[in-house]
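A.B. asks: My structure is stored as start-v2.cif, with mmCIF, C-alpha atoms and all ligand atoms.
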```
data_run
loop_
_atom_site.label_atom_id
_atom_site.label_comp_id
_atom_site.auth_asym_id
_atom_site.auth_seq_id
_atom_site.Cartn_x
_atom_site.Cartn_y
_atom_site.Cartn_z
CA MET I 824 118.31 93.42 91.36
CA LYS I 825 119.03 91.29 94.39
CA ILE I 826 119.44 92.69 97.90
CA LEU I 827 120.58 90.65 100.89
CA VAL I 828 119.09 91.61 104.27
CA ILE I 829 121.17 90.39 107.21
CA ASN I 830 120.25 90.51 110.88
CA GLY I 831 122.72 89.68 113.62
CA PRO I 832 122.53 88.42 117.20
CA ASN I 833 119.27 88.53 119.15
CA LEU I 834 117.30 90.18 116.36
CA ASN I 835 115.42 86.89 115.90
CA LEU I 836 113.77 87.77 119.23
CA LEU I 837 112.32 91.07 118.06
CA GLY I 838 108.80 91.49 119.37
CA LYS I 839 109.66 89.68 122.60
CA ARG I 840 113.07 91.15 123.32
CA GLU I 841 112.99 94.32 125.51
CA PRO I 842 109.80 95.55 123.77
CA HIS I 843 110.03 98.89 125.61
CA ILE I 844 113.23 99.51 123.60
CA TYR I 845 112.81 97.55 120.38
CA GLY I 846 109.00 97.56 120.06
CA THR I 847 106.61 94.69 119.50
CA THR I 848 107.09 94.10 115.78
CA THR I 849 108.68 90.74 115.03
CA LEU I 850 111.52 90.18 112.59
CA GLU I 851 109.14 88.10 110.46
CA ALA I 852 106.77 91.08 110.24
CA ILE I 853 109.61 93.44 109.29
CA GLU I 854 110.75 91.00 106.61
CA ALA I 855 107.18 90.68 105.27
CA GLN I 856 106.93 94.50 105.00
CA LEU I 857 110.27 94.62 103.17
CA GLN I 858 109.19 91.82 100.86
CA GLU I 859 106.06 93.74 99.88
CA GLU I 860 108.03 96.96 99.39
CA ALA I 861 110.59 95.11 97.26
CA ARG I 862 107.94 93.32 95.20
CA LEU I 863 106.37 96.65 94.25
CA ARG I 864 109.77 97.79 93.03
CA GLY I 865 110.69 94.60 91.21
CA VAL I 866 113.54 93.79 93.58
CA ALA I 867 114.44 90.34 94.90
CA LEU I 868 115.30 90.02 98.59
CA GLU I 869 117.13 87.32 100.49
CA PHE I 870 116.90 87.26 104.29
CA PHE I 871 119.49 85.87 106.66
CA GLN I 872 119.65 86.00 110.44
CA SER I 873 122.25 84.46 112.71
CA ASN I 874 123.38 84.74 116.28
CA HIS I 875 126.87 83.65 115.23
CA GLU I 876 129.58 86.02 114.11
CA GLY I 877 131.25 83.41 111.87
CA ALA I 878 128.00 82.57 110.08
CA LEU I 879 127.44 86.26 109.37
CA ILE I 880 130.98 86.60 108.02
CA ASP I 881 130.51 83.51 105.81
CA LYS I 882 127.30 85.02 104.44
CA LEU I 883 129.00 88.35 103.71
CA GLN I 884 131.88 86.61 101.96
CA ALA I 885 129.41 84.68 99.78
CA ALA I 886 127.66 87.99 98.97
CA ARG I 887 130.77 89.20 97.14
CA GLU I 888 129.18 87.53 94.09
CA GLY I 889 125.60 87.80 92.87
CA VAL I 890 124.31 90.43 95.30
CA ASP I 891 123.71 94.06 94.28
CA ALA I 892 123.43 95.54 97.78
CA VAL I 893 123.48 94.49 101.41
CA ILE I 894 121.35 95.77 104.28
CA ILE I 895 122.69 94.75 107.67
CA ASN I 896 121.73 95.19 111.30
CA PRO I 897 124.76 93.73 113.07
CA GLY I 898 123.13 94.01 116.52
CA ALA I 899 125.67 94.26 119.32
CA LEU I 900 128.45 93.18 116.94
CA THR I 901 128.23 96.76 115.65
CA HIS I 902 130.09 97.86 118.72
CA TYR I 903 133.05 95.49 118.78
CA SER I 904 133.37 93.06 115.85
CA LEU I 905 136.46 93.95 113.85
CA ALA I 906 136.05 90.65 111.99
CA LEU I 907 132.60 91.69 110.78
CA ARG I 908 133.98 95.10 109.87
CA ASP I 909 136.71 93.45 107.79
CA ALA I 910 134.15 91.23 106.04
CA LEU I 911 132.08 94.32 105.18
CA LEU I 912 135.16 95.96 103.72
CA CYS I 913 135.54 92.98 101.35
CA LEU I 914 132.23 93.86 99.64
CA GLN I 915 132.22 95.93 96.47
CA CYS I 916 128.47 96.63 96.50
CA PRO I 917 126.63 99.33 98.49
CA VAL I 918 126.00 98.43 102.13
CA VAL I 919 123.36 100.10 104.29
CA GLU I 920 123.67 99.55 108.04
CA VAL I 921 120.40 99.74 109.91
CA HIS I 922 119.44 100.09 113.57
CA LEU I 923 115.99 100.11 115.09
CA THR I 924 117.08 102.45 117.86
CA ASN I 925 118.99 105.70 117.87
CA VAL I 926 122.11 104.31 119.51
CA TYR I 927 123.35 107.84 120.24
CA ARG I 928 120.51 108.26 122.72
CA ARG I 929 121.44 105.09 124.57
CA GLU I 930 124.29 103.75 126.70
CA GLU I 931 127.71 105.19 126.01
CA PHE I 932 129.15 101.82 124.93
CA ARG I 933 126.67 101.73 122.03
CA GLN I 934 128.05 104.97 120.66
CA HIS I 935 131.25 103.20 119.67
CA MET I 936 130.46 101.61 116.30
CA VAL I 937 133.16 99.69 114.48
CA THR I 938 131.08 98.36 111.58
CA THR I 939 129.61 101.72 110.62
CA GLY I 940 132.92 102.96 109.27
CA ALA I 941 132.92 100.08 106.78
CA VAL I 942 129.50 100.69 105.18
CA THR I 943 128.09 103.14 102.66
CA GLY I 944 125.62 104.70 105.08
CA VAL I 945 123.65 104.12 108.25
CA ILE I 946 119.99 104.59 109.15
CA GLY I 947 118.76 104.27 112.73
CA GLY I 948 116.24 105.37 115.27
CA PHE I 949 113.01 104.80 113.36
CA GLY I 950 112.08 101.32 114.55
CA PRO I 951 110.90 99.00 111.75
CA LEU I 952 110.73 102.02 109.43
CA SER I 953 114.55 102.10 109.57
CA TYR I 954 114.54 98.91 107.49
CA ARG I 955 112.20 100.32 104.86
CA LEU I 956 114.29 103.47 104.60
CA ALA I 957 117.38 101.29 104.28
CA LEU I 958 115.74 99.34 101.46
CA LEU I 959 114.86 102.54 99.59
CA ALA I 960 118.44 103.78 100.06
CA ALA I 961 119.91 100.49 98.84
CA ILE I 962 117.69 100.47 95.72
CA GLU I 963 118.57 104.09 94.91
CA LEU I 964 122.27 103.37 95.39
CA VAL I 965 122.14 100.44 92.98
CA ARG I 966 119.93 102.18 90.40
CA GLY I 967 121.78 105.47 90.65
CA GLY I 968 125.16 103.83 90.54
CA GLY I 969 126.31 104.76 94.03
CA THR I 970 126.79 107.84 96.13
CA ASN I 971 129.00 110.87 95.94
CA CYS I 972 130.36 110.00 99.34
CA SER I 973 133.35 107.70 99.50
CA ARG I 974 133.43 104.53 101.54
CA ALA I 975 137.15 104.52 102.24
C1 LIG K 1001 120.57 97.50 117.55
C2 LIG K 1001 121.36 98.36 118.52
C3 LIG K 1001 122.46 97.55 119.18
O1 LIG K 1001 123.17 98.36 120.10
C4 LIG K 1001 121.88 96.37 119.92
O2 LIG K 1001 122.92 95.58 120.48
C5 LIG K 1001 120.99 95.55 119.07
C6 LIG K 1001 120.03 96.24 118.21
C7 LIG K 1001 119.36 98.26 116.96
O3 LIG K 1001 118.82 97.78 115.98
O4 LIG K 1001 118.96 99.31 117.49
O5 LIG K 1001 120.98 94.34 119.12
O6 LIG K 1001 121.40 97.13 116.46
#
```
Can the structure from this file be put into structure tokens for me?

C.D. replies:
Amino acid sequence: MKILVINGPNLNLLGKREPHIYGTTTLEAIEAQLQEEARLRGVALEFFQSNHEGALIDKLQAAREGVDAVIINPGALTHYSLALRDALLCLQCPVVEVHLTNVYRREEFRQHMVTTGAVTGVIGGFGPLSYRLALLAAIELVRGGGTNCSRA
């Protein structure tokens, strides 16, 4: 099983970026935790981070083949990128959207999420643990053959 883990704009700065909001754990540390979790479960992970919307879309398009599930934190693109939403809708595999923060407890503009309607499910508000929960969800979705909920 292969799972692609995508992080969008500014998530490369985790650990340094607004630590009072996003914490002090770096993206590298989150990826190392995921790698260990995946290794124990016999799952292969690929990591990709970009600050560029087009690069993220290219990566999602390539993931239409050879990837069993996608985990994505689209960063601020969550709130306005219809192009990213459309790219997510082109995927056949399960997609878990992840957020470090509980966006519903934050500014009003963050409560408008355009990508979330194009994914299988969303996990947020648990800091780095959100990613581990997303990984477990993705593995279960692939092994269990999906969810009862539709992704229309
Ligand atoms: C975020 C939430 C977004 O609103 C924000 O723009 C981010 C990070 C999160 O993980 O909580 O970049 O996706």

A.B. asks: Counting all atoms listed in the file, figure out which residue out of I:Leu850, I:Ile894, I:Ala899, I:Ala960 gets nearest to Val921 of chain I.

C.D. replies: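 For Val921 of chain I, the nearest of the given residues is I:Ile894.
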
A.B. asks: Can you build me a table of chain I residues sitting at most 6 Å from ligand LIG 1001 (chain K), with the closest atom pair per residue and its distance in Å to one decimal, using all atoms listed in the file, sorted by chain and residue number, as JSON lines?

C.D. replies:
```
{"residue": "I:Asn896", "atom": "CA", "partner": "K:LIG1001", "partner_atom": "O6", "distance": 5.5}
{"residue": "I:Pro897", "atom": "CA", "partner": "K:LIG1001", "partner_atom": "O6", "distance": 5.9}
{"residue": "I:Gly898", "atom": "CA", "partner": "K:LIG1001", "partner_atom": "O5", "distance": 3.4}
{"residue": "I:Ala899", "atom": "CA", "partner": "K:LIG1001", "partner_atom": "O2", "distance": 3.3}
{"residue": "I:His922", "atom": "CA", "partner": "K:LIG1001", "partner_atom": "O3", "distance": 3.4}
{"residue": "I:Leu923", "atom": "CA", "partner": "K:LIG1001", "partner_atom": "O3", "distance": 3.8}
{"residue": "I:Thr924", "atom": "CA", "partner": "K:LIG1001", "partner_atom": "O4", "distance": 3.7}
{"residue": "I:Arg933", "atom": "CA", "partner": "K:LIG1001", "partner_atom": "O1", "distance": 5.2}
```

A.B. asks: Next, write the just-selected residues to a file, as a PDB file, in the frame of the given file, keeping C-alpha atoms as the atom set.

C.D. replies:
```pdb
ATOM      1  CA  ASN I 896     121.730  95.190 111.300  1.00  0.00           C
ATOM      2  CA  PRO I 897     124.760  93.730 113.070  1.00  0.00           C
ATOM      3  CA  GLY I 898     123.130  94.010 116.520  1.00  0.00           C
ATOM      4  CA  ALA I 899     125.670  94.260 119.320  1.00  0.00           C
ATOM      5  CA  HIS I 922     119.440 100.090 113.570  1.00  0.00           C
ATOM      6  CA  LEU I 923     115.990 100.110 115.090  1.00  0.00           C
ATOM      7  CA  THR I 924     117.080 102.450 117.860  1.00  0.00           C
ATOM      8  CA  ARG I 933     126.670 101.730 122.030  1.00  0.00           C
TER       9      ARG I 933
END
```

A.B. asks: Looking at I:Gly967, I:Leu912, I:Pro951, I:Gln872, which one is nearest to Gly838 of chain I, with distances taken over all atoms listed in the file?

C.D. replies: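 The closest residue to Gly838 of chain I is I:Pro951.
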
A.B. asks: What does the distance between atom CA of Arg887 of chain I and atom CA of Val945 of chain I come to in Å, to one decimal place?

C.D. replies: 19.9 Å

A.B. asks: For Glu869 of chain I, list every protein, DNA or RNA residue within 7 Å, evaluated using all atoms listed in the file, and leave out those in the same chain fewer than 4 positions away; present the list as a list in words.

C.D. replies: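 Once the nearby chain positions are removed, what remains is Ile826, Leu827 and Val828 of chain I.
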
A.B. asks: Go through I:Lys839, I:Asp891, I:Thr939, I:Asp881 and flag the residue nearest Val866 of chain I, using all atoms listed in the file for the distances.

C.D. replies: I:Asp891

A.B. asks: Which is closer to Met824 of chain I than all the others in I:Leu905, I:Ala892, I:Ala878, I:Ala855, using only C-alpha atoms?

C.D. replies: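 Ranked by minimum distance to Met824 of chain I, first place goes to I:Ala892.
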
A.B. asks: Mind pulling up the distance from atom CA of Arg864 of chain I to atom CA of Ala941 of chain I?

C.D. replies: 27.0 Å

A.B. asks: Could you tell me how far atom CA of Glu854 of chain I lies from atom CA of Gly950 of chain I, in Å and to one decimal?

C.D. replies: 13.1 Å

A.B. asks: Ranking I:Ile829, I:Val893, I:Cys916, I:Leu911 by minimum distance to Ser873 of chain I and counting all atoms listed in the file, which one comes first?

C.D. replies: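 Closest to Ser873 of chain I of all the choices is I:Ile829.
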
A.B. asks: Check the smallest atom-to-atom distance from each of I:Val942, I:Val926, I:Ile853, I:Leu956 to Leu834 of chain I using only C-alpha atoms, then report the winner.

C.D. replies: I:Ile853

A.B. asks: How big is the axis-aligned box around the listed atoms of segment 830-838 of chain I once 6 Å is added on each side, and where is its centre? Give both in Å to one decimal, as JSON.

C.D. replies:
```
{"center_x": 115.8, "center_y": 89.2, "center_z": 115.1, "size_x": 25.9, "size_y": 16.6, "size_z": 20.5}
```

A.B. asks: I'd like the contact shell of Gln856 of chain I - 12 Å cut-off, only C-alpha atoms, skipping same-chain residues fewer than 4 positions apart - returned as a PDB file with C-alpha atoms, in the frame of the given file.

C.D. replies:
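Produced file part_38.pdb, reproduced below:
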```pdb
ATOM      1  CA  THR I 848     107.090  94.100 115.780  1.00  0.00           C
ATOM      2  CA  THR I 849     108.680  90.740 115.030  1.00  0.00           C
ATOM      3  CA  LEU I 850     111.520  90.180 112.590  1.00  0.00           C
ATOM      4  CA  GLU I 851     109.140  88.100 110.460  1.00  0.00           C
ATOM      5  CA  ALA I 852     106.770  91.080 110.240  1.00  0.00           C
ATOM      6  CA  GLU I 860     108.030  96.960  99.390  1.00  0.00           C
ATOM      7  CA  ALA I 861     110.590  95.110  97.260  1.00  0.00           C
ATOM      8  CA  ARG I 862     107.940  93.320  95.200  1.00  0.00           C
ATOM      9  CA  LEU I 863     106.370  96.650  94.250  1.00  0.00           C
ATOM     10  CA  LEU I 868     115.300  90.020  98.590  1.00  0.00           C
ATOM     11  CA  PRO I 951     110.900  99.000 111.750  1.00  0.00           C
ATOM     12  CA  LEU I 952     110.730 102.020 109.430  1.00  0.00           C
ATOM     13  CA  SER I 953     114.550 102.100 109.570  1.00  0.00           C
ATOM     14  CA  TYR I 954     114.540  98.910 107.490  1.00  0.00           C
ATOM     15  CA  ARG I 955     112.200 100.320 104.860  1.00  0.00           C
ATOM     16  CA  LEU I 956     114.290 103.470 104.600  1.00  0.00           C
ATOM     17  CA  LEU I 958     115.740  99.340 101.460  1.00  0.00           C
TER      18      LEU I 958
END
```

A.B. asks: Considering only C-alpha atoms, return as a list of chain:residue names whatever protein or nucleic-acid residues lie within 9 Å of Gly889 of chain I, sequence-local ones (same chain, fewer than 3 positions apart) excluded.

C.D. replies: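 Contacts, with the query itself left out: I:Lys825, I:Ala885, I:Ala886.
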